[in-house]
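One structure below.
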Amino acid sequence: MTYQNYTLEQLQQIDAAHHLHPFTDHKDLRDAGSRVITHAKGPFIYDAAGNEILDGMAGLWCVAIGYGRDELADAAYAQMKELPYYNSFFRCSTPTPILLSQKLAEIAPSNMNQVFYGSSGSEANDTALRLVRWYWALEGKPRKNRVISRHMAYHGSTITGASLGGMQGMHDQLGGAVPNIAHVMMPYAYELAQPGESDHDFGLRAARAVEDEILRVGADNVAAFIGEPIQGAGGVKIPPASYWPEIQRICRQYDVLLMLDEVITGYGRTGDWFAAQSMGIEADTITTAKALTSGYQPLSALFVSDRVAATIVEKGGEFYHGYTYSGHPVACAVALKNIEIIEREGMIERVRDETGPYLAKALKERIEGHDLVGEVRSFGFLGAIEIVRDKATRQRFQPGGSAAVLIRDHAIANGMMLRATGDTMILSPPLIWTKETIDMACDRIVKALDLAKEDLRNAG
Ligand code: PMP
């Protein structure tokens, strides 16, 4: 590549002239100029200005095995030479999606033995909704087609993904969402538990919002409930332990399918291959993407339960749905190698037994006491830091989360990539972080918090 022939300013100018970015206010971007990331190695990314930044977000929750893995590049190269592309329509297949499907069935919960491929989490959720509605139609219940989701859920950015998701800003821009999708309260105790309500009771109450909706519209009209085991983009909201078992009970009682979105939690982040295993949930579909290839290639896999697959196979009939890149040979070759590396290096066990608990302890001991921090929480390698003006009352700084953005900017300037969602700081490191990397991250986060506190004091 020849980007080295361009100065940073030139790259920024060309970017501003021709490149529309995802989830971006382009007026802001033009004023500030984009940060151009040029290369990366292990847990670090490097920008065109020469800064080394510790990547606390694993790219966008995806680079599980870290950057610069030659084995993945070699797997892609070899597959591109052998067979760069062929489709899996019209009774065709290619070897890498075949072998990947076998591997995925091996690591998935035991009732999941079939997968459908796409290129992104959004596409996979589109497939999931189509499939679930088709399932009920094949079962002779075409009216059982409503789906229940949660506020602040994130299920992608296509019209289906945004409709399934519970982000108000996205709904406002849709100009008409996919019909028959309802949103109920999220299991977010920090803001929604009542004074004196235990976490356990709050978890049950949040789950019963799903039951209330089923009863309101009638179980015969409800196809499925969809949820991220831990709401990621909505602020790493970790439900109380009572929540998922109650959701499972409700779904079984009313014969409502359970759709899990593990686009973030899948492939090791929770200390198991899937959060379904960490939390003991038996689902009917599981959406995965991101860490399936550690982001080295775009690929998603939608797991389909034996129950749903049996109906599709036994009743027959064409599923009028699929993507040019479903089962892309190169992406699947990279996924196979990525999973091999996760296994070989024992990454999941390390997150579960060693680094995940260490991260939890470090956040509690080093971050939670800070004046700007109301709560820290984590599960495996997902973490959140709640930013508040007042620890006791949990009062926030401003609507819009400007304090968190300030902290994020200080963090990046001090070599730490973090994300801010509202007034919550989010952490989703690559699974390769060691205890030393966690210490380094905490040093930088504390520094960013201190600098932000000074700014906020000066601003009054
Ligand atoms: N579901 C969840 C839980 C996600 O976090 C995301 C992306 N952050 C998606 C779906 C959408 O995935 P993609 O951006 O690959 O379409």
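Numbering starts fresh at 1 for the residues of each chain in the structure tokens, the chains themselves are lettered A, B, ... in the order given, and ligands are numbered from 1 as they appear.
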
If the limit is 6 Å from any atom of ligand 1, counting only C-alpha atoms and all ligand atoms, which residues qualify? Return them as a PyMOL selection string.
chain A and resi 120-122+154-156+228+232-233+261-264

Identify, with DSSP run on backbone atoms, the residues in range 177-296 of chain A assigned to helix (DSSP H, G or I), and express the list as a ChimeraX atom specification.
/A:189-192,199-217,219-221,243-253,275-279,290-292

Interatomic distance (Å, one decimal) between CA of Leu257 in chain A and CA of Thr288 in chain A
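Taking CA of Leu257 in chain A as the start and CA of Thr288 in chain A as the end point, the length is 17.2 Å.
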
According to DSSP computed on the backbone, where in range 59-216 of chain A is there strand (DSSP E or B)? Give the residues as a ChimeraX atom specification.
/A:67,112-118,146-150,181-184

Two-atom distance - CA of Ser163 in chain A, CA of Arg252 in chain A (Å)
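Value for the CA of Ser163 in chain A-CA of Arg252 in chain A distance: 24.5 Å.
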
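Between His183 in chain A and the candidates A:Gly346, A:Arg150, A:Glu211, A:His171, the tightest atom-to-atom separation, counting only C-alpha atoms, involves A:Arg150.
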
Within 6 Å of range 335-341 of chain A, counting only C-alpha atoms, which residues show up once you throw out same-chain ones fewer than 6 positions away? Write them as JSON, numbers by chain, please.
{"A": [100, 292, 293]}

Among the residues A:Leu449, A:Ala58, A:Ile53, A:Val376, the one that comes closest to Ser428 in chain A [using only C-alpha atoms]
A:Ala58

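Shortest separation to Ser294 in chain A among A:Tyr6, A:Tyr254, A:Tyr267, A:Tyr320 occurs at residue A:Tyr267, atoms counted being only C-alpha atoms.
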
Length of the CA of Leu192 in chain A to CA of Ala362 in chain A vector [Å]:
25.9 Å

Neighbour list for Pro229 in chain A as a list in words, cut-off 9 Å, only C-alpha atoms, skip fewer than 3 positions in-chain:
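Answer for this query is Gly232, Ile238, Pro239, Trp244, Leu260, Asp261, Glu262, Thr265, Ala275, Ala276 and Met279 of chain A.
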
Spatial neighbours of Val304 in chain A, max dist 8 Å, only C-alpha atoms, sep filter under 3 positions, as a list of chain:residue names:
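Neighbouring residues, sequence-local ones excluded: A:Met112, A:Asn113, A:Gln114, A:Val115, A:Phe116, A:Asp284, A:Thr285, A:Ile286, A:Val308, A:Ala309.
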
8 Å contact set for Gly268 in chain A, only C-alpha atoms, chain neighbours under 2 positions out, as a ChimeraX atom specification
/A:265-266,270-274,347-348,351,431

Sort by chain and increasing residue number a table of all residues of range 29-116 of chain A within 9 Å of range 399-415 of chain A, each with its closest pair of atoms and their distance in Å to one decimal, counting only C-alpha atoms, and write it as CSV.
residue,atom,partner,partner_atom,distance
A:Asn51,CA,A:Gly415,CA,7.3
A:Glu52,CA,A:Gly415,CA,6.1
A:Ile53,CA,A:Gly415,CA,4.2
A:Leu54,CA,A:Gly415,CA,5.8
A:Asp55,CA,A:Gly415,CA,8.5

List the spatial neighbours of Glu345 in chain A as a ChimeraX atom specification - criterion: any atom at most 10 Å away, only C-alpha atoms, same-chain residues fewer than 5 positions off excluded.
/A:65,340,350,432

Only C-alpha atoms, please: the residues just picked out, written as a PDB file, in the first residue's frame.
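This is the output file part-v6.pdb:
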ATOM      1  CA  ILE A  65      -6.625 -12.727  19.438  1.00  0.00           C
ATOM      2  CA  GLU A 340      -7.713 -22.964  16.436  1.00  0.00           C
ATOM      3  CA  ARG A 350      -7.339 -17.677  30.965  1.00  0.00           C
ATOM      4  CA  ILE A 432      -4.680 -11.703  24.986  1.00  0.00           C
TER       5      ILE A 432
END

Using only C-alpha atoms, pick whichever of A:Glu282, A:Glu365, A:Asp353, A:Asp439 has the shortest atom-to-atom distance to Pro245 in chain A.
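Ranked by minimum distance to Pro245 in chain A, first place goes to A:Glu282.
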